[in-house]
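Asker: Below is the structure I would like to discuss, written out as structure tokens.
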Amino acid sequence: MSSLTGKVVKKSHITKNHHGRIGRSTSLKTNVVKRFFETQTSGRGFTSARKLPEELIESAEIRMGFDNQFRIPQIIQAIANSSGEDTGVIHYSKTISSLKDVAQLLNHEGSTEYPPGSGVRRETRIVNSEIFYLFGGVELSLQILLRPTLYPVETKKGTKEYEQSQMVACACLDVLHQICLNLAKVAVQLSERDDLMPYLFTLMGEKRCFLNAATLMEDLLTSRQQMFRLDEITNLQTLIDSFDQQQLANFCRVLSIAVSDLDSSEDRLTLVAQDEASKKQSAVPVSEINQGILVDLPDFIKRLVEVAGRTLPHAEPSIPSLFSEIDSWVNWLDSSLAFDALMEVAQDDEVFLTIPLDPLDLTSGDTPPIVPHSMRVMHEVMYKVEVLYVLCLLLTGKQRNKVQEMLAETKLIPSLNEIFEKIIWKCNLRSRPIPGHGENCECSPEIALKIQFLRLLHSFCDHHPNKVLLLTRSEVNELNRISSNARIQVLDPVKNVNRQLLCNGQKGLLSKIVEATKREPVESPFRFWLGRAIESFLRGATSYADQTFLLKRGLLEHIVRHMVDNVIKSKEILQSSFDLLGELMKFNINAFKRFNKTITTDVDFHDFIRLIKENIVDSNMFVRCLILSLEHFETEQTEHKEYARTKCRLLQFIHNKKTRFEFLFKLINVIEVSSLTQENVSCLNTTLVLLMFARQKGELAEYLQALRDEEQRECHPGLLVGNFRQLLIFWQDHYLHKDKDCTALEKSSCISFDIWKKTVAELLEDNPSNELTVAHYLTSAGIAYK
């Protein structure tokens, strides 16, 4: 030992006991104790465990039962020596070699008996990480990484010394990443360092260090208690401008954390908790600030769109031909040359290698390894996943309208339409699931890509006129003809659409999604997201032309037969099917006629009704569609009143007052204030739709009395009426909040929001003598309601 301890410990101090183990002389023990006292009194002495005498560390390692490969304290001392902790002069090759040794130990598989002799086995990588942390390895790695002399001012880019400095930085980043994966407490500690975060952003500007720095940054951001503000990065614009497309896509992994809400606790999933948090919130959330910063960056959105819509390079083979490569490159990834080849692919966009690599052909020659084309496809898939996710987050934030216009102007939708069949929907790169994951796990790159793609389309279309951009010019003309034939006015978004921004070809994205839906297996995880994407196109003010456009493509028949002919185990798929069917049929008499022609037997019809009743939370939006449509045909399109009352089985079913009472009981019984979420609050609104029409017809008291009678049958006074009152109080508090936008509720029901508010207010009126108030029925049951 030299500079680490301040003095040389001579070998003569080492003795052996009768067991053959190394012992310590009295003088060594005295020196150690003396140094500890110096540390406490003067601040000099042992500042970390790694500065203990080498002989003492060796003795400890032997007593702990470590083999040579586990002598982490000695490796830490070697790193300290070669990195010039005291002298400031770094020996690059030795430092890099030692850091790589540590990284291997921190990533070591298997288990170790620890503490020795305890009989308890623990993961080796965890044990190694704890020892590395205990002996100051994390602190030392940070010191090397943050040392100003690591990148000397006089060192120019391109020189050997500069390249070596980058390699040292990468090795430090890799070690810190491994330790963060293994020890959560270290990740939390590092995430709170104000000097580390900005420096990681700086390192991302170095191409060789980019991936390592971005990976560690992701570890730290997910461990922070408070979200990191992007405006603390002074050179953010310059940094992002320096990124190539691959780097920008990888950087989106970091950005996705910075622009999303990190608070995902169970409590925040309920609407009550969300409302309470919203009331207490005084400052603008950091996620919103970060979103604004990114949206305002010149060309940032445009560059993301370029990555999202990028096609595969050069003359790609057909997707089926990629399957033959899978077994080759899945095993090939385990080889030592795989990482170097991938780095070459990531750093050189011009490299295009299509011949699969046979692991048996690996040699130590100078010929670079060949990257199979499927690997290039996989890279492209992962890039798109990250970019689509960030775009989706921005589309659902406060900057939504601005982002919408940017995405439209940069032709995101036509670009996605071009690659839909080539990459998005026919990209099945895995012939077997990832070990330890289900075949439908979202960790699968191709599954993640499809889901993020559909999420993005859902956010893009939802209640926004730009949804028309999912069509081609010929399809827009078709909408115009539908409106003309029905003698209804063409909607402004269709009439005023910028045709230069539409999809190219004969089929737009909407048509392709419908076709993909019809091809998907019964329990495909994509059926939910496909249904949500199409439903979002229909949401908002009901458009007869939009509905007819989809009806002509056989969508209704497919959904209905899918629901009746199969046992659907997935609640999500069932819900999305009901929701889409409701939007497709609402106020559209032709849709009801098509349903009648599709469900022709009593058995099929009763099976469909059974699905509705047994899954009321999932089907409530469809029930609302039936109620609204029947009232519409009876009061607005009266020419269809006769058909609705006498020939349409669905509308006859919902016209029955006994049926309406049954749904009223189910809807109120299935929810309560404490369990309300964005998914089931629709049950409350469907209940109000029932009662608003009852109030309009002078039947409200009859419905409320039916609730009271049902309570008596259940021998549980207040079970329904009391719960209903609490739900109404919540409704007022939730929907009448000053920041709440209720236009969607108004447009989808074609009922003025003033009527919604007035109905709830009258039901909650504190007048027990009024039979149109909930208080009347609570009082009659002897229940206090204040």
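Starting from 1 in every chain, residues are counted up; chains themselves are A, B, ... following the order of the structure tokens, and ligands are numbered from 1 as listed.
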Give me the residues near region 632-644 of chain A as a PyMOL selection string, where near means some atom within 12 Å (using only C-alpha atoms) and where sequence neighbours in that chain fewer than 3 positions away do not count.
Answerer: chain A and resi 586-593+596+625-629+647-655+693+696-697+749-751
Asker: Using only C-alpha atoms, which protein or nucleic acid residues come within 12 Å of Asp733 (chain A)? Drop anything in the same chain fewer than 3 positions from it, and give the result as a CSV table (one decimal) with C-alpha atoms, in the first residue's frame.
Answerer:
chain,number,residue,atom,x,y,z
A,271,LEU,CA,-61.9,10.2,-8.2
A,272,VAL,CA,-62.3,11.4,-4.6
A,275,ASP,CA,-60.3,15.8,-6.5
A,276,GLU,CA,-58.8,16.3,-3.0
A,279,LYS,CA,-57.9,21.2,-4.5
A,673,VAL,CA,-68.3,7.3,-3.6
A,726,GLN,CA,-73.9,10.4,-1.4
A,727,LEU,CA,-73.3,9.8,-5.1
A,728,LEU,CA,-75.2,12.9,-6.0
A,729,ILE,CA,-73.3,15.0,-3.5
A,730,PHE,CA,-70.1,13.7,-5.1
A,736,LEU,CA,-69.3,21.6,-10.9
A,737,HIS,CA,-65.6,22.3,-10.0
A,738,LYS,CA,-64.5,25.5,-11.7
A,739,ASP,CA,-61.8,23.7,-13.8
A,740,LYS,CA,-64.0,20.8,-14.9
A,757,LYS,CA,-77.2,20.4,-13.0
A,760,VAL,CA,-79.1,16.8,-9.4
A,761,ALA,CA,-79.9,20.0,-7.5
Asker: Name the residues in contact with Ile573 (chain A) at a cut-off of 8 Å, using only C-alpha atoms, excluding same-chain residues fewer than 5 positions from it; report them as a list in words.
Answerer: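 Within the cut-off, the hits are Glu523, Pro525, Arg527, Phe528 and Ile568 of chain A.
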Asker: Write out the residues from the selection above, keeping all heavy atoms, as a tab-separated table (two decimals), in the first residue's frame.
Answerer:
chain	number	residue	atom	x	y	z
A	523	GLU	N	-59.47	-13.55	-27.94
A	523	GLU	CA	-58.90	-13.02	-26.70
A	523	GLU	C	-57.62	-12.22	-26.95
A	523	GLU	O	-56.80	-12.07	-26.05
A	523	GLU	CB	-58.61	-14.17	-25.73
A	523	GLU	CG	-59.85	-14.82	-25.16
A	523	GLU	CD	-60.61	-13.91	-24.21
A	523	GLU	OE1	-60.00	-13.00	-23.63
A	523	GLU	OE2	-61.83	-14.11	-24.05
A	525	PRO	N	-55.07	-9.40	-26.90
A	525	PRO	CA	-54.97	-8.22	-26.03
A	525	PRO	C	-55.17	-6.91	-26.79
A	525	PRO	O	-55.44	-5.88	-26.18
A	525	PRO	CB	-53.55	-8.32	-25.46
A	525	PRO	CG	-52.79	-9.10	-26.49
A	525	PRO	CD	-53.77	-10.09	-27.04
A	527	ARG	N	-57.55	-6.29	-28.96
A	527	ARG	CA	-58.95	-5.97	-29.26
A	527	ARG	C	-59.44	-4.80	-28.41
A	527	ARG	O	-60.21	-3.97	-28.87
A	527	ARG	CB	-59.85	-7.19	-29.03
A	527	ARG	CG	-59.59	-8.34	-30.00
A	527	ARG	CD	-60.75	-9.34	-29.98
A	527	ARG	NE	-61.92	-8.76	-30.61
A	527	ARG	CZ	-62.25	-8.92	-31.90
A	527	ARG	NH1	-61.49	-9.66	-32.69
A	527	ARG	NH2	-63.33	-8.36	-32.37
A	528	PHE	N	-58.98	-4.73	-27.17
A	528	PHE	CA	-59.35	-3.61	-26.30
A	528	PHE	C	-58.87	-2.29	-26.88
A	528	PHE	O	-59.63	-1.33	-27.01
A	528	PHE	CB	-58.79	-3.81	-24.89
A	528	PHE	CG	-58.90	-2.60	-24.02
A	528	PHE	CD1	-60.10	-2.27	-23.43
A	528	PHE	CD2	-57.79	-1.79	-23.79
A	528	PHE	CE1	-60.21	-1.14	-22.62
A	528	PHE	CE2	-57.88	-0.67	-22.98
A	528	PHE	CZ	-59.09	-0.35	-22.39
A	568	ILE	N	-66.16	-14.44	-23.75
A	568	ILE	CA	-65.11	-13.43	-23.61
A	568	ILE	C	-64.71	-13.35	-22.14
A	568	ILE	O	-65.49	-12.89	-21.30
A	568	ILE	CB	-65.58	-12.06	-24.13
A	568	ILE	CG1	-66.01	-12.18	-25.59
A	568	ILE	CG2	-64.48	-11.02	-23.96
A	568	ILE	CD1	-66.58	-10.90	-26.16
Asker: Which residue gives the smallest distance to Asp462 (chain A) among A:Asn401, A:Gln166, A:Ser511, A:Ser780, with only C-alpha atoms counted?
Answerer: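 Checking each of A:Asn401, A:Gln166, A:Ser511, A:Ser780 against Asp462 (chain A), counting only C-alpha atoms, the winner is A:Asn401.
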Asker: Write out as a PyMOL selection string which residues come within 9 Å of Gln225 (chain A) when counting only C-alpha atoms, dropping same-chain ones fewer than 3 positions away.
Answerer: chain A and resi 188+191-192+221-222+262
Asker: With N, CA and C atoms retained, write the just-selected residues as a compact mmCIF listing (two decimals), in the first residue's frame.
Answerer:
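Saved as selection30.txt:
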# COMPACT_ATOMS: atom_id res chain seq x y z
N VAL A 188 -31.76 6.08 -4.58
CA VAL A 188 -32.42 7.23 -3.94
C VAL A 188 -31.38 8.27 -3.53
N SER A 191 -30.00 10.05 -6.55
CA SER A 191 -30.99 10.91 -7.21
C SER A 191 -31.13 12.26 -6.53
N GLU A 192 -30.70 12.35 -5.27
CA GLU A 192 -30.82 13.59 -4.52
C GLU A 192 -29.59 14.49 -4.64
N LEU A 221 -34.12 9.15 -12.02
CA LEU A 221 -35.38 9.88 -12.12
C LEU A 221 -36.54 9.06 -11.55
N THR A 222 -36.51 7.76 -11.76
CA THR A 222 -37.58 6.92 -11.22
C THR A 222 -37.46 6.75 -9.71
N LEU A 262 -45.63 11.09 -11.50
CA LEU A 262 -44.96 9.98 -10.82
C LEU A 262 -45.81 9.38 -9.72
Asker: Which residues, written as JSON, numbers by chain, have at least one atom at most 10 Å from region 491-496 of chain A, with only C-alpha atoms counted and residues fewer than 2 positions away on the same chain left out?
Answerer: {"A": [464, 465, 466, 467, 468, 469, 476, 477, 479, 480, 483, 488, 489, 498, 499, 543, 545]}
Asker: Please produce an output containing C-alpha atoms for each residue in the selection, written as a PDB file, in the first residue's frame.
Answerer:
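Final file, out20.pdb:
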ATOM      1  CA  HIS A 464     -60.892  16.650 -31.573  1.00  0.00           C
ATOM      2  CA  PRO A 465     -61.753  17.641 -35.179  1.00  0.00           C
ATOM      3  CA  ASN A 466     -58.305  16.518 -36.377  1.00  0.00           C
ATOM      4  CA  LYS A 467     -59.594  12.949 -36.227  1.00  0.00           C
ATOM      5  CA  VAL A 468     -60.608  13.433 -39.874  1.00  0.00           C
ATOM      6  CA  LEU A 469     -56.919  13.129 -40.758  1.00  0.00           C
ATOM      7  CA  VAL A 476     -63.519  12.160 -47.023  1.00  0.00           C
ATOM      8  CA  ASN A 477     -65.456  12.297 -50.284  1.00  0.00           C
ATOM      9  CA  LEU A 479     -68.345  11.096 -45.886  1.00  0.00           C
ATOM     10  CA  ASN A 480     -69.603  13.989 -48.007  1.00  0.00           C
ATOM     11  CA  SER A 483     -74.217  13.390 -45.623  1.00  0.00           C
ATOM     12  CA  ILE A 488     -77.811  16.457 -43.520  1.00  0.00           C
ATOM     13  CA  GLN A 489     -75.215  19.167 -43.292  1.00  0.00           C
ATOM     14  CA  ASN A 498     -56.682  20.461 -45.155  1.00  0.00           C
ATOM     15  CA  ARG A 499     -56.505  17.673 -47.717  1.00  0.00           C
ATOM     16  CA  SER A 543     -71.968  12.042 -36.457  1.00  0.00           C
ATOM     17  CA  ALA A 545     -71.785  10.118 -41.486  1.00  0.00           C
TER      18      ALA A 545
END
Asker: With a cut-off of 10 Å, could you pull out the residues of region 391-410 of chain A touching region 289-296 of chain A and give me the nearest pair of atoms for each, distance in Å to one decimal, using only C-alpha atoms, ordered by chain and ascending number, as JSON lines?
Answerer:
{"residue": "A:Leu393", "atom": "CA", "partner": "A:Gln291", "partner_atom": "CA", "distance": 8.7}
{"residue": "A:Leu394", "atom": "CA", "partner": "A:Gln291", "partner_atom": "CA", "distance": 6.5}
{"residue": "A:Leu395", "atom": "CA", "partner": "A:Gln291", "partner_atom": "CA", "distance": 9.9}
{"residue": "A:Gly397", "atom": "CA", "partner": "A:Gln291", "partner_atom": "CA", "distance": 7.5}
{"residue": "A:Lys398", "atom": "CA", "partner": "A:Gln291", "partner_atom": "CA", "distance": 8.1}
{"residue": "A:Gln399", "atom": "CA", "partner": "A:Gly292", "partner_atom": "CA", "distance": 6.7}
{"residue": "A:Arg400", "atom": "CA", "partner": "A:Val295", "partner_atom": "CA", "distance": 9.8}
{"residue": "A:Lys402", "atom": "CA", "partner": "A:Val295", "partner_atom": "CA", "distance": 8.0}
{"residue": "A:Val403", "atom": "CA", "partner": "A:Val295", "partner_atom": "CA", "distance": 7.1}
{"residue": "A:Met406", "atom": "CA", "partner": "A:Val295", "partner_atom": "CA", "distance": 9.2}
Asker: Considering only C-alpha atoms, can you say which of A:Gln274, A:Asn128, A:Thr238, A:Thr548 comes closest to Leu297 (chain A)?
Answerer: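 Result for the nearest residue to Leu297 (chain A): A:Thr238.
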Asker: Do a neighbour search on Trp529 (chain A) at 8 Å with only C-alpha atoms, toss out local chain neighbours closer than 5 positions, and write the hits as a ChimeraX atom specification.
Answerer: /A:451,454-455,576
Asker: The selected residues should be written to file as a PDB file, in the first residue's frame (atoms: C-alpha atoms).
Answerer:
ATOM      1  CA  ILE A 451     -50.328  -0.621 -27.776  1.00  0.00           C
ATOM      2  CA  LEU A 454     -53.237   2.692 -30.530  1.00  0.00           C
ATOM      3  CA  ARG A 455     -52.975   4.807 -27.370  1.00  0.00           C
ATOM      4  CA  SER A 576     -64.449  -1.817 -25.159  1.00  0.00           C
TER       5      SER A 576
END
Asker: Work out how far CA of Cys392 (chain A) is from CA of Leu416 (chain A), in Å to one decimal.
Answerer: 13.9 Å
Asker: Give me, as a VMD selection string, all polymer residues having an atom no more than 9 Å from Val390 (chain A), counting only C-alpha atoms and skipping those fewer than 3 positions away in the same chain.
Answerer: chain A and resid 252 to 253 255 to 256 259 to 260 304 385 to 387 393 to 395
Asker: Smallest atom-to-atom distance to Gln178 (chain A): which of A:Asn615, A:Thr87, A:Thr215, A:Ser484, using only C-alpha atoms?
Answerer: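 Residue with the minimum atom-to-atom distance to Gln178 (chain A): A:Thr215.
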Asker: Could you state the separation of CA of Glu478 (chain A) and CA of Thr311 (chain A) in Å, given to one decimal place?
Answerer: 29.2 Å
